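Quick look at target.txt (compact mmCIF, C-alpha atoms):
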```txt
# COMPACT_ATOMS: atom_id res chain seq x y z
CA MET A 4 -21.33 -115.29 119.07
CA LEU A 5 -21.22 -117.54 122.16
CA ALA A 6 -22.00 -120.52 119.93
CA ALA A 7 -19.17 -119.51 117.58
CA MET A 8 -16.74 -119.12 120.49
CA THR A 9 -17.78 -122.53 121.82
CA VAL A 10 -17.16 -124.17 118.44
CA TYR A 11 -13.74 -122.47 118.23
CA LEU A 12 -12.75 -123.68 121.71
CA PHE A 13 -14.03 -127.19 120.99
CA PHE A 14 -11.92 -127.54 117.83
CA ASN A 15 -8.91 -126.30 119.79
CA LYS A 16 -9.62 -128.82 122.60
CA LYS A 17 -10.00 -126.09 125.22
CA TYR A 18 -12.81 -127.83 127.08
CA LYS A 19 -12.37 -126.03 130.40
CA GLU A 20 -12.65 -122.65 128.64
CA ILE A 21 -15.96 -123.77 127.10
CA ILE A 22 -17.40 -124.05 130.61
CA TRP A 23 -16.11 -120.63 131.65
CA VAL A 24 -17.42 -118.98 128.47
CA ASN A 25 -20.92 -120.41 128.89
CA VAL A 26 -21.53 -120.65 132.64
CA GLY A 27 -22.46 -116.97 133.04
CA PRO A 28 -24.89 -116.86 130.08
CA ILE A 29 -26.49 -120.15 131.18
CA ILE A 30 -27.12 -118.79 134.69
CA ALA A 31 -28.51 -115.57 133.18
CA LEU A 32 -30.73 -117.62 130.82
CA ILE A 33 -32.13 -119.63 133.73
CA LEU A 34 -32.91 -116.44 135.67
CA ILE A 35 -34.54 -114.67 132.73
CA TRP A 36 -36.31 -117.75 131.31
CA PRO A 37 -39.84 -116.79 132.56
CA LEU A 38 -39.63 -113.51 130.62
CA MET A 39 -37.94 -115.12 127.61
CA LYS A 40 -40.60 -117.86 127.48
CA LEU A 41 -43.30 -115.18 127.37
CA GLN A 42 -41.43 -113.29 124.62
CA LEU A 43 -41.07 -116.45 122.54
CA HIS A 44 -44.80 -117.10 122.93
CA ASN A 45 -45.66 -113.52 121.92
CA SER A 46 -43.35 -113.73 118.92
CA GLY A 47 -45.05 -116.93 117.83
CA GLU A 48 -48.45 -115.23 118.13
CA MET A 49 -47.25 -112.31 116.00
CA LEU A 50 -45.88 -114.66 113.34
CA SER A 51 -49.27 -116.37 113.09
CA GLN A 52 -51.49 -113.26 113.30
CA VAL A 53 -49.54 -110.58 111.40
CA ALA A 54 -49.22 -111.43 107.73
CA ASN A 55 -45.60 -110.40 107.13
CA TRP A 56 -44.12 -110.20 110.64
CA SER A 57 -41.30 -112.55 109.58
CA LEU A 58 -40.05 -109.77 107.26
CA VAL A 59 -39.42 -107.58 110.31
CA LEU A 60 -37.55 -110.32 112.14
CA GLY A 61 -35.47 -111.19 109.10
CA LYS A 62 -36.09 -114.35 107.09
CA ALA A 63 -33.12 -116.41 105.92
CA ASN A 64 -33.03 -115.29 102.31
CA PHE A 65 -30.47 -114.02 99.79
CA LYS A 66 -31.45 -110.34 100.18
CA ASN A 67 -30.99 -110.24 103.96
CA LEU A 68 -27.72 -112.13 103.59
CA LEU A 69 -26.36 -109.59 101.09
CA LEU A 70 -27.43 -106.65 103.26
CA ILE A 71 -25.00 -107.71 106.01
CA PRO A 72 -21.78 -106.94 104.08
CA LEU A 73 -23.39 -103.96 102.35
CA LYS A 74 -24.54 -102.24 105.55
CA PHE A 75 -21.47 -103.26 107.55
CA SER A 76 -19.37 -101.49 104.92
CA ALA A 77 -21.35 -98.45 103.77
CA GLY A 78 -23.65 -97.96 106.75
CA ARG A 79 -27.35 -97.09 106.61
CA ILE A 80 -27.16 -94.87 103.58
CA SER A 81 -28.63 -95.10 100.12
CA PHE A 82 -28.79 -92.78 97.13
CA TYR A 83 -29.94 -92.58 93.53
CA PRO A 84 -29.33 -93.75 90.90
CA LYS A 85 -29.36 -97.13 92.60
CA ILE A 86 -26.93 -98.66 90.11
CA ILE A 87 -24.26 -96.14 91.19
CA TYR A 88 -24.98 -96.90 94.85
CA TYR A 89 -24.66 -100.65 94.31
CA VAL A 90 -21.41 -100.25 92.34
CA ILE A 91 -19.76 -97.97 94.95
CA ALA A 92 -21.12 -99.56 98.15
CA GLY A 93 -21.01 -103.08 96.73
CA GLY A 94 -17.44 -102.70 95.47
CA PHE A 95 -16.27 -101.40 98.85
CA SER A 96 -18.06 -104.22 100.69
CA LEU A 97 -16.40 -106.82 98.46
CA TYR A 98 -13.00 -105.30 99.20
CA LEU A 99 -13.70 -105.04 102.94
CA PHE A 100 -15.06 -108.57 103.36
CA SER A 101 -12.19 -110.03 101.33
CA LYS A 102 -9.93 -108.70 104.10
CA LEU A 103 -11.96 -110.64 106.69
CA VAL A 104 -10.89 -114.00 105.29
CA LYS A 105 -7.90 -114.74 107.50
CA LYS A 106 -6.62 -117.69 109.47
CA ASN A 107 -7.00 -116.32 112.98
CA ASN A 108 -9.42 -116.69 115.88
CA TYR A 109 -11.18 -113.33 115.31
CA SER A 110 -11.93 -114.18 111.68
CA PHE A 111 -13.22 -117.62 112.70
CA ILE A 112 -15.57 -116.14 115.32
CA PHE A 113 -16.81 -113.48 112.87
CA TRP A 114 -17.74 -115.94 110.13
CA MET A 115 -18.95 -118.69 112.45
CA THR A 116 -21.32 -116.23 114.18
CA LEU A 117 -22.86 -115.33 110.81
CA ILE A 118 -23.13 -119.02 109.85
CA VAL A 119 -24.87 -119.87 113.14
CA GLY A 120 -27.19 -116.87 112.61
CA VAL A 121 -28.13 -118.04 109.11
CA ILE A 122 -28.79 -121.61 110.32
CA PHE A 123 -30.86 -120.35 113.27
CA SER A 124 -32.86 -118.06 110.96
CA MET A 125 -33.99 -121.05 108.93
CA PHE A 126 -36.08 -122.07 111.95
CA THR A 127 -36.75 -118.70 113.64
CA PRO A 128 -36.35 -115.54 111.50
CA MET A 129 -33.67 -113.15 112.82
CA LEU A 130 -31.42 -112.44 109.82
CA GLN A 131 -31.52 -108.64 109.87
CA TYR A 132 -28.12 -106.96 109.51
CA PHE A 133 -28.61 -104.73 112.57
CA ARG A 134 -28.99 -107.84 114.75
CA PHE A 135 -25.29 -108.53 114.15
CA LEU A 136 -23.88 -105.10 114.98
CA TYR A 137 -21.97 -106.59 117.92
CA LEU A 138 -19.67 -108.10 115.27
CA ILE A 139 -18.34 -104.65 114.26
CA PRO A 140 -15.58 -104.70 116.96
CA VAL A 141 -14.63 -108.24 115.89
CA MET A 142 -14.51 -107.07 112.27
CA ALA A 143 -12.20 -104.22 113.30
CA LEU A 144 -9.90 -106.69 115.09
CA VAL A 145 -9.69 -108.86 111.96
CA ILE A 146 -8.90 -105.92 109.67
CA ASN A 147 -6.49 -104.38 112.20
CA LYS A 148 -4.97 -101.49 110.20
CA SER A 149 -6.00 -100.44 106.70
CA LYS A 150 -5.78 -96.89 105.36
CA VAL A 151 -8.06 -97.70 102.42
CA ILE A 152 -10.83 -99.10 104.64
CA SER A 153 -10.45 -96.28 107.19
CA LEU A 154 -10.77 -93.73 104.38
CA GLY A 155 -13.85 -95.54 103.05
CA PHE A 156 -15.50 -95.52 106.49
CA LEU A 157 -14.71 -91.80 106.85
CA ILE A 158 -16.21 -90.91 103.44
CA PHE A 159 -19.41 -92.89 104.04
CA SER A 160 -19.75 -91.43 107.56
CA LEU A 161 -19.34 -87.84 106.32
CA PHE A 162 -21.79 -88.51 103.50
CA TYR A 163 -24.33 -89.61 106.09
CA LEU A 164 -23.70 -86.73 108.50
CA TYR A 165 -23.83 -83.93 105.93
CA ASN A 166 -26.53 -85.25 103.60
CA GLN A 167 -29.94 -85.02 105.24
CA ASP A 168 -31.49 -87.13 102.49
CA THR A 169 -29.85 -90.14 104.13
CA TRP A 170 -31.52 -89.43 107.49
CA ARG A 171 -34.58 -91.61 107.77
CA GLU A 172 -38.09 -91.04 109.08
CA ASP A 173 -38.37 -87.47 110.31
CA TRP A 174 -41.23 -88.12 112.74
CA LYS A 175 -40.65 -84.88 114.65
CA SER A 176 -41.31 -82.67 111.61
CA LEU A 177 -44.14 -84.93 110.49
CA THR A 178 -45.94 -84.77 113.84
CA ALA A 179 -45.72 -80.96 113.86
CA THR A 180 -47.94 -80.88 110.73
CA LEU A 181 -50.64 -83.23 112.02
CA PRO A 182 -54.20 -82.29 113.02
CA GLU A 183 -55.87 -83.48 116.22
CA LYS A 184 -56.78 -86.88 114.71
CA VAL A 185 -54.98 -89.17 112.27
CA TYR A 186 -55.56 -92.61 110.80
CA MET A 187 -52.86 -95.29 110.66
CA ILE A 188 -52.02 -98.80 111.88
CA SER A 189 -52.37 -98.09 115.59
CA SER A 190 -49.54 -100.41 116.68
CA PHE A 191 -47.08 -98.23 114.73
CA ALA A 192 -48.17 -94.93 116.30
CA ASP A 193 -45.54 -94.70 119.04
CA PRO A 194 -43.41 -92.06 117.24
CA VAL A 195 -46.45 -89.78 116.90
CA LYS A 196 -47.39 -90.28 120.56
CA PHE A 197 -43.81 -89.54 121.58
CA TYR A 198 -43.76 -86.10 119.93
CA ASP A 199 -47.40 -85.21 120.66
CA SER A 200 -49.40 -87.39 123.04
CA LYS A 201 -52.55 -85.29 122.46
CA ILE A 202 -53.05 -86.49 118.88
CA LEU A 203 -55.85 -89.04 118.62
CA ILE A 204 -54.85 -92.19 116.75
CA ASN A 205 -57.60 -94.04 114.89
CA ASP A 206 -56.83 -97.46 113.46
CA ILE A 207 -57.35 -97.18 109.70
CA ARG A 208 -58.61 -100.77 109.53
CA GLU A 209 -61.61 -99.93 111.68
CA LYS A 210 -64.73 -97.84 110.94
CA ILE A 211 -64.11 -94.35 109.46
CA ASN A 212 -66.74 -91.67 110.02
CA ASP A 213 -64.94 -88.48 108.91
CA GLU A 214 -65.32 -86.80 105.54
CA GLU A 215 -61.76 -85.44 105.56
CA ILE A 216 -59.04 -87.67 106.99
CA VAL A 217 -55.26 -87.56 107.40
CA VAL A 218 -53.49 -90.89 106.92
CA ILE A 219 -49.99 -92.06 107.83
CA PRO A 220 -49.46 -95.19 105.66
CA TYR A 221 -46.72 -96.73 107.80
CA GLY A 222 -46.12 -100.41 108.59
CA GLU A 223 -48.93 -101.61 106.35
CA ALA A 224 -46.83 -104.08 104.37
CA ILE A 225 -46.16 -106.04 107.57
CA HIS A 226 -49.90 -106.45 108.15
CA GLY A 227 -50.64 -107.16 104.49
CA PHE A 228 -52.92 -104.09 104.38
CA ASP A 229 -53.41 -101.74 101.40
CA HIS A 230 -54.83 -98.40 102.55
CA ASN A 231 -55.19 -97.13 98.97
CA LYS A 232 -57.55 -99.95 98.01
CA HIS A 233 -59.34 -99.83 101.37
CA LEU A 234 -60.06 -96.09 101.20
CA SER A 235 -60.92 -96.15 97.50
CA ASP A 236 -63.47 -98.90 98.15
CA LEU A 237 -64.99 -96.69 100.87
CA GLY A 238 -65.35 -93.81 98.41
CA TYR A 239 -62.33 -91.70 99.39
CA THR A 240 -59.90 -90.02 97.02
CA LYS A 241 -56.40 -88.79 97.84
CA THR A 242 -56.07 -85.01 97.74
CA GLY A 243 -52.51 -84.43 98.97
CA GLU A 244 -49.27 -85.98 100.16
CA LYS A 245 -46.17 -84.86 102.10
CA ASN A 246 -42.96 -86.84 102.50
CA PHE A 247 -40.79 -86.66 105.61
CA ARG A 248 -37.80 -88.79 104.64
CA GLU A 249 -39.41 -92.14 103.84
CA VAL A 250 -42.50 -91.63 105.98
CA LYS A 251 -45.54 -89.97 104.40
CA VAL A 252 -48.67 -88.10 105.42
CA GLU A 253 -51.66 -88.20 103.07
CA SER A 254 -54.93 -86.27 102.91
CA TRP A 255 -58.08 -88.07 101.76
CA HIS A 256 -61.56 -86.73 100.98
CA LEU A 257 -64.84 -88.65 100.88
CA ILE A 258 -66.67 -88.38 97.55
CA TYR A 259 -70.41 -88.89 97.74
```

How would this structure read if it were set down as structure tokens?
Amino acid sequence: MLAAMTVYLFFNKKYKEIIWVNVGPIIALILIWPLMKLQLHNSGEMLSQVANWSLVLGKANFKNLLLIPLKFSAGRISFYPKIIYYVIAGGFSLYLFSKLVKKNNYSFIFWMTLIVGVIFSMFTPMLQYFRFLYLIPVMALVINKSKVISLGFLIFSLFYLYNQDTWREDWKSLTATLPEKVYMISSFADPVKFYDSKILINDIREKINDEEIVVIPYGEAIHGFDHNKHLSDLGYTKTGEKNFREVKVESWHLIY
């Protein structure tokens, strides 16, 4: 957004304002640079060591680009059949974003921020829609007043609040069903530890000695790991499964 504001001020020949807009962030960047340098290094390590870490950060691709208007308009909801969801949510997003094309400074900053984000993501992945949530107030300023859009926001918000199927990842209920030991990608176990720190987390990629195991297959796609193939090769078969809103718990038994 600062880059977009700088471009706007430059084109309007407001050079003194460019200094005032950027002096604070530059000072903050200098002060925080030791930490930021470490974070950039760690991110680079993750990108090289974890197979699909760039998917988490948000690669510059068509899907992530389309998710920005879709999620800005309909929020973090989804429902079946998908074709109905895409028609309703997609139609509303087209209407909403058509109202954002205006000749004013707020509209310029909104679109320029997204353009800068897309360009930046071609070199360092960051094109996830939730990384641009700070643009929501700018979007509201561009739209100003619209009864149709306000009604759409209200309907989607109520749909989310009163439909529990749209609530994602019920880790609290999941953790309440777990035994003393579970197997999963250990780096994704923080939600389980939060609700019950006594549960022992075993990394599913390491040696398994138990005949009966409980598995939480979460975050595996990022690591390029397939627990179904891994456990089947070890002689295990799946005996049960429970779903807690897009996060699952599975039971596996060793067959001799």

**Q.** Selection as a list of chain:residue names: residues within 8 Å of (-51.5, -86.9, 102.5), counting all atoms listed in the file
**A.** A:Val217, A:Val218, A:Ile219, A:Lys241, A:Thr242, A:Gly243, A:Glu244, A:Lys245, A:Lys251, A:Val252, A:Glu253, A:Ser254, A:Trp255

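Computed from the coordinates, the CA of Leu103 in chain A to CA of Phe123 in chain A distance equals 22.2 Å.
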
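Each of A:Phe228, A:Phe133, A:Tyr11, A:Tyr163 was checked against Asn107 in chain A using all atoms listed in the file; the smallest atom-to-atom distance is that of A:Tyr11.
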
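Going from CA of Glu215 in chain A to CA of Tyr239 in chain A covers 8.8 Å.
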
Q) Restricting the calculation to only C-alpha atoms, which member of A:Thr240, A:Gln167, A:Asn55, A:Ser153 is positioned closest to Gly222 in chain A? A)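 Going through A:Thr240, A:Gln167, A:Asn55, A:Ser153 one by one, the smallest distance to Gly222 in chain A is for A:Asn55.
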